file structure.cif (mmCIF, C-alpha atoms)
data_my_file
#
loop_
_atom_site.label_atom_id
_atom_site.label_comp_id
_atom_site.auth_asym_id
_atom_site.auth_seq_id
_atom_site.Cartn_x
_atom_site.Cartn_y
_atom_site.Cartn_z
CA MET A 131 46.71 48.78 31.75
CA SER A 132 43.34 48.00 33.35
CA LEU A 133 41.69 44.65 33.01
CA GLY A 134 38.76 46.22 31.23
CA GLN A 135 40.88 47.01 28.19
CA THR A 136 41.30 44.47 25.43
CA HIS A 137 44.65 42.77 25.67
CA SER A 138 45.83 39.41 24.47
CA PHE A 139 48.09 38.73 27.43
CA ASP A 140 50.04 36.37 25.18
CA ALA A 141 53.11 36.65 27.37
CA LEU A 142 51.05 35.73 30.42
CA LEU A 143 49.75 32.61 28.69
CA ASP A 144 53.28 31.58 27.76
CA GLN A 145 54.27 31.87 31.41
CA ALA A 146 51.10 30.10 32.54
CA ARG A 147 51.84 27.07 30.36
CA GLY A 148 55.25 26.72 31.97
CA TRP A 149 53.83 27.00 35.48
CA ALA A 150 51.06 24.55 34.61
CA TYR A 151 53.57 21.91 33.53
CA GLU A 152 55.53 22.42 36.75
CA LEU A 153 52.29 21.86 38.69
CA GLY A 154 51.63 18.53 36.95
CA PHE A 155 49.25 19.63 34.18
CA ASP A 156 50.44 18.44 30.77
CA SER A 157 48.01 20.45 28.61
CA LEU A 158 46.59 23.98 28.80
CA GLU A 159 44.19 25.67 26.39
CA VAL A 160 41.94 28.75 26.57
CA ARG A 161 38.39 29.44 25.49
CA PRO A 162 36.07 32.46 25.93
CA ILE A 163 33.21 31.72 28.30
CA GLU A 164 30.10 31.58 26.13
CA ARG A 165 26.76 29.83 26.11
CA SER A 166 27.36 26.16 25.37
CA ASP A 167 26.19 24.54 22.16
CA HIS A 168 25.75 21.32 24.16
CA GLU A 169 22.42 22.42 25.63
CA SER A 170 20.17 20.33 23.40
CA HIS A 171 22.31 17.20 23.95
CA LEU A 172 22.18 17.73 27.74
CA ARG A 173 18.43 18.32 27.83
CA GLN A 174 17.72 15.24 25.71
CA TRP A 175 19.96 13.13 27.97
CA LEU A 176 18.09 14.35 31.05
CA ALA A 177 14.69 13.87 29.41
CA LYS A 178 15.51 10.20 28.82
CA GLY A 179 16.32 9.80 32.52
CA TYR A 180 19.84 8.64 31.74
CA HIS A 181 21.17 10.55 34.78
CA GLY A 182 19.39 8.14 37.16
CA GLU A 183 19.58 9.29 40.78
CA MET A 184 22.08 12.06 40.00
CA GLY A 185 19.54 14.79 40.67
CA TYR A 186 22.26 17.43 40.71
CA MET A 187 22.64 16.95 36.95
CA ALA A 188 19.05 18.14 36.43
CA ARG A 189 19.56 21.16 38.68
CA ASN A 190 21.23 24.34 37.49
CA VAL A 191 20.91 23.35 33.83
CA GLU A 192 20.92 27.03 32.88
CA LEU A 193 24.22 27.51 34.70
CA ARG A 194 25.72 24.54 32.86
CA VAL A 195 24.93 26.03 29.50
CA GLU A 196 25.49 29.68 30.46
CA PRO A 197 28.49 29.46 32.84
CA LYS A 198 29.34 33.18 33.08
CA ALA A 199 27.28 33.37 36.27
CA LEU A 200 29.66 30.92 37.95
CA HIS A 201 32.22 33.70 38.39
CA PRO A 202 31.54 37.45 38.44
CA GLY A 203 32.77 39.13 35.27
CA ALA A 204 33.94 35.82 33.80
CA LEU A 205 35.38 36.25 30.31
CA SER A 206 37.78 33.34 29.76
CA ALA A 207 38.47 29.89 31.08
CA ILE A 208 41.79 28.13 31.13
CA SER A 209 41.26 24.40 30.59
CA VAL A 210 43.93 21.99 31.86
CA ALA A 211 44.45 18.23 31.97
CA MET A 212 46.35 16.10 34.46
CA PRO A 213 47.16 12.41 33.79
CA TYR A 214 46.51 9.82 36.48
CA LEU A 215 47.48 6.41 35.10
CA ASP A 216 51.01 5.12 34.95
CA PRO A 217 51.30 3.13 31.67
CA ARG A 218 53.34 0.54 33.56
CA ALA A 219 50.14 -0.39 35.42
CA GLU A 220 48.52 -2.03 32.38
CA GLN A 221 49.81 -5.51 33.18
CA GLN A 222 48.43 -5.33 36.73
CA ILE A 223 45.06 -4.21 35.36
CA ALA A 224 44.81 -7.30 33.17
CA LEU A 225 45.86 -9.59 36.02
CA THR A 226 43.29 -8.12 38.40
CA LEU A 227 40.39 -8.32 35.97
CA ALA A 228 41.29 -11.93 35.15
CA ASP A 229 41.28 -12.97 38.83
CA SER A 230 37.68 -13.29 40.01
CA LYS A 231 38.79 -13.18 43.66
CA ALA A 232 40.70 -9.89 43.24
CA ALA A 233 39.04 -6.49 43.66
CA TYR A 234 39.07 -4.15 40.69
CA ILE A 235 38.95 -0.42 41.49
CA ALA A 236 38.87 2.18 38.73
CA ARG A 237 42.38 3.46 38.24
CA TYR A 238 41.44 7.08 38.90
CA ALA A 239 40.38 6.19 42.45
CA LEU A 240 43.51 4.38 43.67
CA GLY A 241 45.25 7.48 45.00
CA ARG A 242 44.27 10.84 46.42
CA ASP A 243 40.96 12.50 45.61
CA TYR A 244 41.58 14.44 42.40
CA HIS A 245 39.23 17.26 43.40
CA LYS A 246 41.60 18.30 46.19
CA VAL A 247 44.76 17.86 44.14
CA ILE A 248 43.62 19.77 41.07
CA ARG A 249 41.79 22.52 42.92
CA ALA A 250 44.87 23.32 45.01
CA ARG A 251 47.13 23.39 41.95
CA LEU A 252 44.72 25.50 39.93
CA LYS A 253 44.58 27.94 42.82
CA ARG A 254 48.38 28.10 42.81
CA LEU A 255 48.39 28.66 39.04
CA GLY A 256 46.02 31.58 39.51
CA GLN A 257 48.29 33.06 42.18
CA GLN A 258 51.32 32.81 39.91
CA MET A 259 49.43 34.50 37.08
CA ASN A 260 48.30 37.29 39.41
CA GLU A 261 51.84 37.86 40.64
CA TRP A 262 53.02 38.18 37.05
CA LEU A 263 50.23 40.63 36.20
CA VAL A 264 50.98 42.89 39.15
CA GLU A 265 54.74 42.79 38.52
CA SER A 266 54.06 43.68 34.87
CA GLY A 267 52.00 46.73 35.80
CA HIS A 268 48.52 45.28 35.30
CA ASP A 269 45.65 45.02 37.73
CA ALA A 270 45.22 41.74 39.54
CA PHE A 271 42.52 39.47 38.15
CA THR A 272 40.00 37.22 39.85
CA ALA A 273 39.74 33.49 39.19
CA ARG A 274 37.70 30.50 40.29
CA PRO A 275 39.17 26.98 40.14
CA VAL A 276 36.71 24.32 38.93
CA THR A 277 37.19 20.57 38.65
CA ASP A 278 34.06 18.46 38.44
CA SER A 279 32.80 20.56 41.34
CA ALA A 280 30.46 23.08 39.71
CA PRO A 281 27.68 22.98 37.10
CA PHE A 282 30.11 23.39 34.21
CA LEU A 283 30.26 21.30 31.02
CA GLU A 284 33.96 20.57 31.33
CA LYS A 285 34.34 17.95 28.60
CA ARG A 286 32.59 20.01 25.94
CA PHE A 287 34.46 23.14 27.00
CA ALA A 288 37.79 21.32 26.80
CA GLU A 289 36.81 19.99 23.37
CA GLN A 290 35.97 23.47 22.12
CA SER A 291 39.23 24.86 23.47
CA GLY A 292 41.24 22.36 21.42
CA LEU A 293 42.05 20.09 24.35
CA GLY A 294 41.00 16.78 22.79
CA TRP A 295 37.51 15.51 21.98
CA ILE A 296 34.62 13.61 23.55
CA GLY A 297 34.72 9.94 22.56
CA LYS A 298 31.83 7.61 21.85
CA HIS A 299 32.04 6.41 25.47
CA THR A 300 31.41 10.07 26.51
CA LEU A 301 34.88 10.36 28.07
CA HIS A 302 37.43 12.96 27.02
CA ILE A 303 40.30 11.84 24.75
CA ARG A 304 43.50 13.75 23.99
CA GLY A 305 44.85 11.92 20.96
CA SER A 306 48.17 10.25 21.71
CA LYS A 307 47.78 11.15 25.41
CA GLY A 308 44.66 9.02 25.64
CA SER A 309 41.79 9.39 28.10
CA TYR A 310 43.31 8.64 31.50
CA HIS A 311 43.29 12.22 32.76
CA PHE A 312 41.36 14.69 34.88
CA LEU A 313 40.10 18.04 33.61
CA GLY A 314 40.09 21.33 35.46
CA GLU A 315 39.33 24.96 34.67
CA LEU A 316 40.33 28.36 35.94
CA LEU A 317 37.50 30.83 35.26
CA THR A 318 38.94 34.32 34.92
CA ASN A 319 37.78 37.89 34.36
CA ILE A 320 40.48 38.76 31.82
CA PRO A 321 40.10 38.46 28.02
CA LEU A 322 42.74 35.84 27.28
CA THR A 323 43.52 34.95 23.69
CA ALA A 324 41.56 31.87 22.65
CA SER A 325 43.45 28.76 21.63
CA SER A 326 43.18 27.33 18.15
CA ALA A 327 39.98 25.83 16.74
CA ALA A 328 38.02 23.13 18.52
CA SER A 329 39.41 19.62 18.37
CA THR A 330 38.40 17.25 15.59
CA ASN A 331 36.80 13.99 16.68
CA HIS A 332 39.04 11.06 15.73
CA CYS A 333 36.90 8.12 16.87
CA GLY A 334 36.02 7.32 13.27
CA SER A 335 34.16 4.05 12.79
CA CYS A 336 35.63 2.47 15.95
CA ALA A 337 32.98 1.13 18.33
CA ARG A 338 35.12 -0.95 20.70
CA CYS A 339 34.00 0.98 23.78
CA ILE A 340 30.35 0.37 22.94
CA GLU A 341 30.90 -3.33 22.30
CA ILE A 342 33.00 -3.99 25.43
CA CYS A 343 30.76 -2.33 28.04
CA PRO A 344 29.85 -5.14 30.49
CA THR A 345 26.35 -3.80 31.13
CA GLN A 346 25.71 -2.27 27.69
CA ALA A 347 25.43 1.16 29.29
CA ILE A 348 26.71 2.93 26.16
CA VAL A 349 23.41 2.75 24.32
CA GLY A 350 24.76 4.48 21.20
CA PRO A 351 27.67 6.67 20.12
CA TYR A 352 28.04 9.52 22.65
CA GLN A 353 25.02 8.23 24.61
CA LEU A 354 25.54 6.82 28.11
CA ASP A 355 22.67 5.48 30.19
CA ALA A 356 24.21 6.02 33.60
CA ARG A 357 21.61 3.77 35.22
CA LYS A 358 23.38 0.78 33.66
CA CYS A 359 26.96 2.05 34.06
CA ILE A 360 29.08 0.19 36.62
CA ALA A 361 30.70 3.45 37.70
CA TYR A 362 27.26 4.86 38.51
CA LEU A 363 26.00 1.66 40.14
CA THR A 364 29.01 1.31 42.44
CA ILE A 365 29.45 4.97 43.34
CA GLU A 366 26.39 7.18 42.80
CA HIS A 367 23.55 4.67 43.16
CA GLN A 368 22.32 4.41 46.75
CA GLY A 369 19.91 1.49 46.60
CA PRO A 370 19.98 -2.16 45.54
CA ILE A 371 21.87 -2.93 42.35
CA PRO A 372 19.42 -4.35 39.77
CA GLU A 373 19.82 -8.13 39.82
CA GLU A 374 20.27 -8.43 36.06
CA LEU A 375 23.30 -6.12 36.25
CA ARG A 376 25.10 -7.89 39.12
CA ALA A 377 26.74 -10.73 37.17
CA PRO A 378 28.07 -8.40 34.43
CA MET A 379 29.81 -6.35 37.14
CA GLY A 380 32.31 -9.16 37.69
CA ASN A 381 34.91 -8.11 40.26
CA ARG A 382 34.56 -4.35 39.70
CA VAL A 383 33.83 -2.90 43.13
CA PHE A 384 34.34 0.82 42.49
CA GLY A 385 34.02 2.15 38.98
CA CYS A 386 35.00 0.53 35.69
CA ASP A 387 37.65 1.17 33.04
CA ASP A 388 36.67 -1.30 30.33
CA CYS A 389 35.77 1.32 27.72
CA GLN A 390 39.14 2.99 28.24
CA LEU A 391 41.09 -0.26 28.24
CA VAL A 392 40.02 -1.07 24.69
CA CYS A 393 40.34 2.45 23.30
CA PRO A 394 43.11 2.52 20.64
CA TRP A 395 44.09 6.02 21.74
CA ASN A 396 45.23 4.64 25.11
CA ARG A 397 47.46 2.03 23.50
CA HIS A 398 50.48 4.31 23.23
CA ALA A 399 49.69 6.88 25.93
CA LYS A 400 52.91 7.83 27.72
CA ALA A 401 51.74 10.36 30.29
CA VAL A 402 52.99 9.60 33.80
CA PRO A 403 50.89 10.79 36.76
CA ILE A 404 51.97 12.79 39.76
CA GLY A 405 52.67 10.94 43.00
CA ASP A 406 49.28 11.81 44.51
CA PHE A 407 47.56 9.44 42.09
CA LEU A 408 49.74 6.39 42.67
CA PRO A 409 47.96 3.47 44.42
CA ARG A 410 47.54 3.59 48.20
CA HIS A 411 47.16 0.65 50.58
CA GLN A 412 47.81 -1.81 47.71
CA LEU A 413 44.32 -1.11 46.39
CA ASP A 414 45.46 -2.06 42.91
CA ARG A 415 46.17 -5.64 44.04
CA SER A 416 43.89 -6.44 46.98
CA SER A 417 41.66 -9.49 47.29
CA LEU A 418 37.91 -9.14 47.64
CA LEU A 419 38.00 -10.92 50.99
CA THR A 420 40.60 -8.51 52.35
CA LEU A 421 38.48 -5.49 51.47
CA PHE A 422 35.27 -7.19 52.62
CA SER A 423 36.83 -7.75 56.04
CA TRP A 424 37.30 -4.01 56.65
CA SER A 425 35.30 -2.63 59.54
CA ARG A 426 33.63 0.75 59.18
CA GLU A 427 36.51 2.30 61.11
CA THR A 428 39.10 0.67 58.84
CA PHE A 429 37.18 1.82 55.77
CA LEU A 430 37.16 5.41 56.99
CA LYS A 431 40.86 5.28 57.83
CA LYS A 432 41.98 3.63 54.59
CA THR A 433 39.85 5.89 52.39
CA GLU A 434 40.75 9.19 54.03
CA GLY A 435 41.33 11.71 51.22
CA SER A 436 40.23 9.11 48.67
CA PRO A 437 37.40 9.21 46.08
CA ILE A 438 36.26 5.82 47.41
CA ARG A 439 34.68 7.57 50.39
CA ARG A 440 31.88 8.67 48.04
CA ALA A 441 30.42 5.15 47.97
CA GLY A 442 30.11 5.05 51.75
CA TYR A 443 30.79 1.98 53.86
CA ASN A 444 27.48 0.27 53.12
CA GLY A 445 27.85 0.92 49.40
CA TRP A 446 31.37 -0.49 49.55
CA GLN A 447 30.14 -3.63 51.31
CA ARG A 448 27.26 -3.97 48.84
CA ASN A 449 29.63 -3.74 45.85
CA ILE A 450 32.09 -6.26 47.26
CA ALA A 451 29.28 -8.68 48.13
CA VAL A 452 28.22 -8.69 44.48
CA ALA A 453 31.81 -9.32 43.37
CA LEU A 454 32.13 -12.18 45.86
CA GLY A 455 28.99 -13.72 44.41
CA ASN A 456 30.59 -13.50 40.97
CA ALA A 457 33.87 -15.04 42.14
CA ALA A 458 34.84 -18.66 41.61
CA PHE A 459 33.53 -20.90 44.37
CA ASP A 460 35.57 -20.75 47.56
CA PRO A 461 34.47 -22.08 50.99
CA GLU A 462 36.26 -19.14 52.60
CA ILE A 463 34.13 -16.71 50.60
CA LEU A 464 31.00 -18.55 51.66
CA ARG A 465 32.03 -18.37 55.33
CA ALA A 466 32.76 -14.65 55.09
CA LEU A 467 29.41 -13.94 53.45
CA ARG A 468 27.45 -15.93 56.02
CA ALA A 469 29.26 -14.22 58.88
CA ARG A 470 28.52 -10.77 57.42
CA LEU A 471 24.85 -11.60 56.88
CA ILE A 472 24.36 -11.71 60.65
CA VAL A 473 25.60 -8.16 61.30
CA CYS A 474 24.97 -6.07 58.16
CA ASP A 475 22.09 -3.72 57.36
CA SER A 476 19.22 -4.61 55.01
CA LEU A 477 20.80 -3.12 51.87
CA VAL A 478 24.01 -5.08 52.26
CA ALA A 479 22.11 -8.19 53.44
CA GLU A 480 20.15 -8.33 50.17
CA HIS A 481 23.38 -8.48 48.18
CA VAL A 482 25.11 -10.84 50.59
CA SER A 483 22.16 -13.26 50.33
CA TRP A 484 22.35 -13.06 46.54
CA ALA A 485 26.10 -13.71 46.68
CA ILE A 486 25.62 -16.75 48.94
CA ASN A 487 23.15 -18.19 46.44
CA GLN A 488 25.58 -17.59 43.59
CA GLN A 489 28.39 -19.30 45.48
CA MET A 490 26.16 -22.26 46.31
CA LEU A 491 25.24 -22.66 42.64
CA LYS A 492 28.95 -22.99 41.85
CA ALA A 493 29.77 -25.31 44.73
CA PRO A 494 31.00 -28.76 43.68
CA GLN A 495 28.28 -31.36 44.06
CA ALA A 496 28.94 -34.25 46.42
CA SER A 497 29.38 -37.51 44.54
#

call {"tool": "encode", "arguments": {"input": "structure.cif", "output": "structure tokens"}}
result
Amino acid sequence: MSLGQTHSFDALLDQARGWAYELGFDSLEVRPIERSDHESHLRQWLAKGYHGEMGYMARNVELRVEPKALHPGALSAISVAMPYLDPRAEQQIALTLADSKAAYIARYALGRDYHKVIRARLKRLGQQMNEWLVESGHDAFTARPVTDSAPFLEKRFAEQSGLGWIGKHTLHIRGSKGSYHFLGELLTNIPLTASSAASTNHCGSCARCIEICPTQAIVGPYQLDARKCIAYLTIEHQGPIPEELRAPMGNRVFGCDDCQLVCPWNRHAKAVPIGDFLPRHQLDRSSLLTLFSWSRETFLKKTEGSPIRRAGYNGWQRNIAVALGNAAFDPEILRALRARLIVCDSLVAEHVSWAINQQMLKAPQAS
């Protein structure tokens, strides 16, 4: 049977779900590739400037809402999810956030870069599906793996496929599996049978994520002003961090999980991540001073294959300087900041100077 003929390929999907689980994905749903109904929401978000310096979000808007052009002959997309947080890590999260001299790194970034992990496994899933098709007498299909790496509205697509819903914090939630997961898609040129109806939103009247945000970046339900978001400020933003947002950052040096930490749907999440996402180099329990002491060479070595590389060395130093300014007074912190001020570039120096002033304000006064 040729691929041009209508066929449900139900047996192929049954096989694909099994292979997906073996590859570390714990959910798989399917949706026809159609023009997104999220266009007006996206355009309004961009018009308000909520994307900040993320110029790539304003480019290829048409591709985001009409994704068929992302893959020749695209008809269906397989949407998958892969968990990244071990529930046993919750106690360590609380301890780190409570210790002003410890460095908090968003849990998704403690291990290997998810783009590489998911893309490779999606590619393998596509190969397994192709092998099954050929062995079953069908033509081979074509597929393109996507994971936060193309102009594709992944969260809305996953929601429409039945794979959870978009929460008020704008992150994707999968009911009892919570929100600590990555999404990925396999765009295909075969007419796979669509999954059941789109997911129902179960946020209800809960507004904990909005209330907890340290910088009040969630300006309303399902509305995120990225320019205030700690994840944006510590990763995407290239310039000085606005002074009024520095103190609310606390000890968060790369990303932020506060809106997920208070979400009731994460309270009983049991998903266990694959080994690639487990913490490297004790990044889940490192002190600010330890990370601040890294040279550029050490940074590049320790962050090889890590999402943290995206911040760059100067961005990393800038973020940690802010956290050191927010830390409880410590003469050792003051010494480290003053030593760095002599050798750092102007961007980092601005934040180091601010941190020195903050430490001095907290210094005990001589009697």

call {"tool": "atom_distance", "arguments": {"input": "structure.cif", "atom1": "CA of Leu200 in chain A", "atom2": "CA of Glu315 in chain A"}}
result
11.8 Å

call {"tool": "closest_residue", "arguments": {"input": "structure.cif", "among": "A:Ala377, A:Ala232, A:Val191, A:Leu240", "to": "Pro281 in chain A", "atoms": "only C-alpha atoms"}}
result
A:Val191

call {"tool": "closest_residue", "arguments": {"input": "structure.cif", "among": "A:Ala453, A:Tyr151, A:Leu142, A:Ser483", "to": "Val264 in chain A", "atoms": "all atoms listed in the file"}}
result
A:Leu142

call {"tool": "closest_residue", "arguments": {"input": "structure.cif", "among": "A:Leu418, A:Ala273, A:Leu322, A:Ile365", "to": "Gln258 in chain A", "atoms": "only C-alpha atoms"}}
result
A:Ala273

call {"tool": "closest_residue", "arguments": {"input": "structure.cif", "among": "A:Ile450, A:Leu252, A:Ala199, A:Ala236", "to": "Tyr214 in chain A", "atoms": "all atoms listed in the file"}}
result
A:Ala236

call {"tool": "resolve_selection", "arguments": {"input": "structure.cif", "expression": "the PyMOL selection byres ((chain A and resi 448) around 9)", "output": "ChimeraX atom specification"}}
result
/A:364,370-371,383,443-447,449-453,477-482

call {"tool": "resolve_selection", "arguments": {"input": "structure.cif", "expression": "the PyMOL selection byres ((chain A and resi 332) around 12)", "output": "JSON, numbers by chain"}}
result
{"A": [289, 294, 295, 296, 297, 298, 302, 303, 304, 305, 306, 308, 329, 330, 331, 333, 334, 335, 336, 337, 393, 394, 395]}

call {"tool": "atom_distance", "arguments": {"input": "structure.cif", "atom1": "CA of Ser206 in chain A", "atom2": "CA of Ile163 in chain A"}}
result
5.1 Å

call {"tool": "closest_residue", "arguments": {"input": "structure.cif", "among": "A:Gln221, A:Leu354, A:Gln257, A:Ala150", "to": "Leu176 in chain A", "atoms": "only C-alpha atoms"}}
result
A:Leu354

call {"tool": "atom_distance", "arguments": {"input": "structure.cif", "atom1": "CA of Val402 in chain A", "atom2": "CA of Asp216 in chain A"}}
result
5.0 Å

call {"tool": "resolve_selection", "arguments": {"input": "structure.cif", "expression": "the PyMOL selection byres ((chain A and resi 489) around 12)", "output": "number ranges by chain"}}
result
A: 451-468, 482-488, 490-494

call {"tool": "closest_residue", "arguments": {"input": "structure.cif", "among": "A:Glu341, A:Asp140, A:Glu169, A:Glu183", "to": "His367 in chain A", "atoms": "all atoms listed in the file"}}
result
A:Glu183

call {"tool": "axis_aligned_box", "arguments": {"input": "structure.cif", "around": "range 311-327 of chain A", "padding_each_side": "5 Å", "output": "JSON"}}
result
{"center_x": 40.5, "center_y": 25.5, "center_z": 26.3, "size_x": 16.0, "size_y": 36.5, "size_z": 29.2}

call {"tool": "residues_around", "arguments": {"input": "structure.cif", "residues": "Ala327 in chain A", "least_positions_apart": "4", "cutoff": "10 Å", "atoms": "all atoms listed in the file", "output": "ChimeraX atom specification"}}
result
/A:161,289-293

call {"tool": "residues_around", "arguments": {"input": "structure.cif", "residues": "Glu152 in chain A", "least_positions_apart": "2", "cutoff": "12 Å", "atoms": "all atoms listed in the file", "output": "ChimeraX atom specification"}}
result
/A:145-150,154-157,212,251-252,254-255,258,404

call {"tool": "residues_around", "arguments": {"input": "structure.cif", "residues": "Ser166 in chain A", "least_positions_apart": "6", "cutoff": "10 Å", "atoms": "only C-alpha atoms", "output": "number ranges by chain"}}
result
A: 192-197, 282-283, 286-287, 290

call {"tool": "residues_around", "arguments": {"input": "structure.cif", "residues": "Asp355 in chain A", "least_positions_apart": "4", "cutoff": "8 Å", "atoms": "all atoms listed in the file", "output": "CSV table (one decimal) with C-alpha atoms, keeping the file's coordinate frame"}}
result
chain,number,residue,atom,x,y,z
A,180,TYR,CA,19.8,8.6,31.7
A,181,HIS,CA,21.2,10.6,34.8
A,347,ALA,CA,25.4,1.2,29.3
A,348,ILE,CA,26.7,2.9,26.2
A,349,VAL,CA,23.4,2.8,24.3
A,359,CYS,CA,27.0,2.0,34.1

call {"tool": "residues_around", "arguments": {"input": "structure.cif", "residues": "range 310-314 of chain A", "least_positions_apart": "4", "cutoff": "6 Å", "atoms": "all atoms listed in the file", "output": "PyMOL selection string"}}
result
chain A and resi 209-215+276-277

call {"tool": "decode", "arguments": {"input": "structure.cif", "residues": "range 272-335 of chain A", "atoms": "C-alpha atoms", "output": "PDB file, in the first residue's frame"}}
result
ATOM      1  CA  THR A 272       9.863  10.618   5.858  1.00  0.00           C
ATOM      2  CA  ALA A 273      10.054  12.280   9.259  1.00  0.00           C
ATOM      3  CA  ARG A 274      11.617  15.309  10.913  1.00  0.00           C
ATOM      4  CA  PRO A 275      12.410  15.301  14.647  1.00  0.00           C
ATOM      5  CA  VAL A 276      11.614  18.589  16.411  1.00  0.00           C
ATOM      6  CA  THR A 277      12.247  19.579  20.014  1.00  0.00           C
ATOM      7  CA  ASP A 278      12.236  23.284  20.788  1.00  0.00           C
ATOM      8  CA  SER A 279      14.445  23.644  17.729  1.00  0.00           C
ATOM      9  CA  ALA A 280      12.074  24.845  15.007  1.00  0.00           C
ATOM     10  CA  PRO A 281       9.305  27.448  14.713  1.00  0.00           C
ATOM     11  CA  PHE A 282       6.639  25.048  15.956  1.00  0.00           C
ATOM     12  CA  LEU A 283       4.041  25.717  18.674  1.00  0.00           C
ATOM     13  CA  GLU A 284       4.848  22.575  20.623  1.00  0.00           C
ATOM     14  CA  LYS A 285       2.840  23.231  23.782  1.00  0.00           C
ATOM     15  CA  ARG A 286      -0.369  24.063  21.948  1.00  0.00           C
ATOM     16  CA  PHE A 287       0.114  21.135  19.576  1.00  0.00           C
ATOM     17  CA  ALA A 288       0.647  18.756  22.498  1.00  0.00           C
ATOM     18  CA  GLU A 289      -2.456  20.169  24.171  1.00  0.00           C
ATOM     19  CA  GLN A 290      -4.545  19.620  21.052  1.00  0.00           C
ATOM     20  CA  SER A 291      -3.254  16.069  20.681  1.00  0.00           C
ATOM     21  CA  GLY A 292      -4.481  15.175  24.173  1.00  0.00           C
ATOM     22  CA  LEU A 293      -1.047  15.290  25.782  1.00  0.00           C
ATOM     23  CA  GLY A 294      -1.899  17.531  28.745  1.00  0.00           C
ATOM     24  CA  TRP A 295      -2.713  21.245  28.783  1.00  0.00           C
ATOM     25  CA  ILE A 296      -1.029  24.636  29.019  1.00  0.00           C
ATOM     26  CA  GLY A 297      -1.138  25.953  32.589  1.00  0.00           C
ATOM     27  CA  LYS A 298      -1.569  29.513  33.778  1.00  0.00           C
ATOM     28  CA  HIS A 299       2.236  29.774  34.034  1.00  0.00           C
ATOM     29  CA  THR A 300       2.345  28.951  30.273  1.00  0.00           C
ATOM     30  CA  LEU A 301       4.115  25.636  30.912  1.00  0.00           C
ATOM     31  CA  HIS A 302       2.745  22.289  29.789  1.00  0.00           C
ATOM     32  CA  ILE A 303       1.067  20.067  32.418  1.00  0.00           C
ATOM     33  CA  ARG A 304       0.191  16.379  32.083  1.00  0.00           C
ATOM     34  CA  GLY A 305      -2.194  15.839  34.968  1.00  0.00           C
ATOM     35  CA  SER A 306      -0.771  13.405  37.516  1.00  0.00           C
ATOM     36  CA  LYS A 307       2.562  13.419  35.651  1.00  0.00           C
ATOM     37  CA  GLY A 308       2.987  17.113  36.340  1.00  0.00           C
ATOM     38  CA  SER A 309       5.014  19.621  34.334  1.00  0.00           C
ATOM     39  CA  TYR A 310       8.622  18.501  34.729  1.00  0.00           C
ATOM     40  CA  HIS A 311       9.019  17.150  31.207  1.00  0.00           C
ATOM     41  CA  PHE A 312      10.328  17.987  27.760  1.00  0.00           C
ATOM     42  CA  LEU A 313       8.218  17.865  24.606  1.00  0.00           C
ATOM     43  CA  GLY A 314       9.253  16.618  21.198  1.00  0.00           C
ATOM     44  CA  GLU A 315       7.584  15.934  17.865  1.00  0.00           C
ATOM     45  CA  LEU A 316       8.128  13.706  14.873  1.00  0.00           C
ATOM     46  CA  LEU A 317       6.644  15.376  11.788  1.00  0.00           C
ATOM     47  CA  THR A 318       5.649  12.713   9.273  1.00  0.00           C
ATOM     48  CA  ASN A 319       4.186  12.418   5.783  1.00  0.00           C
ATOM     49  CA  ILE A 320       1.772   9.595   6.645  1.00  0.00           C
ATOM     50  CA  PRO A 321      -1.872  10.061   7.705  1.00  0.00           C
ATOM     51  CA  LEU A 322      -1.743   8.629  11.211  1.00  0.00           C
ATOM     52  CA  THR A 323      -4.946   8.251  13.184  1.00  0.00           C
ATOM     53  CA  ALA A 324      -5.428  11.237  15.472  1.00  0.00           C
ATOM     54  CA  SER A 325      -5.533  10.688  19.214  1.00  0.00           C
ATOM     55  CA  SER A 326      -8.605  11.487  21.253  1.00  0.00           C
ATOM     56  CA  ALA A 327      -9.924  15.015  21.755  1.00  0.00           C
ATOM     57  CA  ALA A 328      -7.763  17.856  23.003  1.00  0.00           C
ATOM     58  CA  SER A 329      -6.979  17.920  26.704  1.00  0.00           C
ATOM     59  CA  THR A 330      -9.226  19.761  29.132  1.00  0.00           C
ATOM     60  CA  ASN A 331      -7.571  22.483  31.194  1.00  0.00           C
ATOM     61  CA  HIS A 332      -7.608  21.541  34.875  1.00  0.00           C
ATOM     62  CA  CYS A 333      -6.030  24.635  36.439  1.00  0.00           C
ATOM     63  CA  GLY A 334      -9.419  25.760  37.717  1.00  0.00           C
ATOM     64  CA  SER A 335      -9.311  28.728  40.074  1.00  0.00           C
TER      65      SER A 335
END
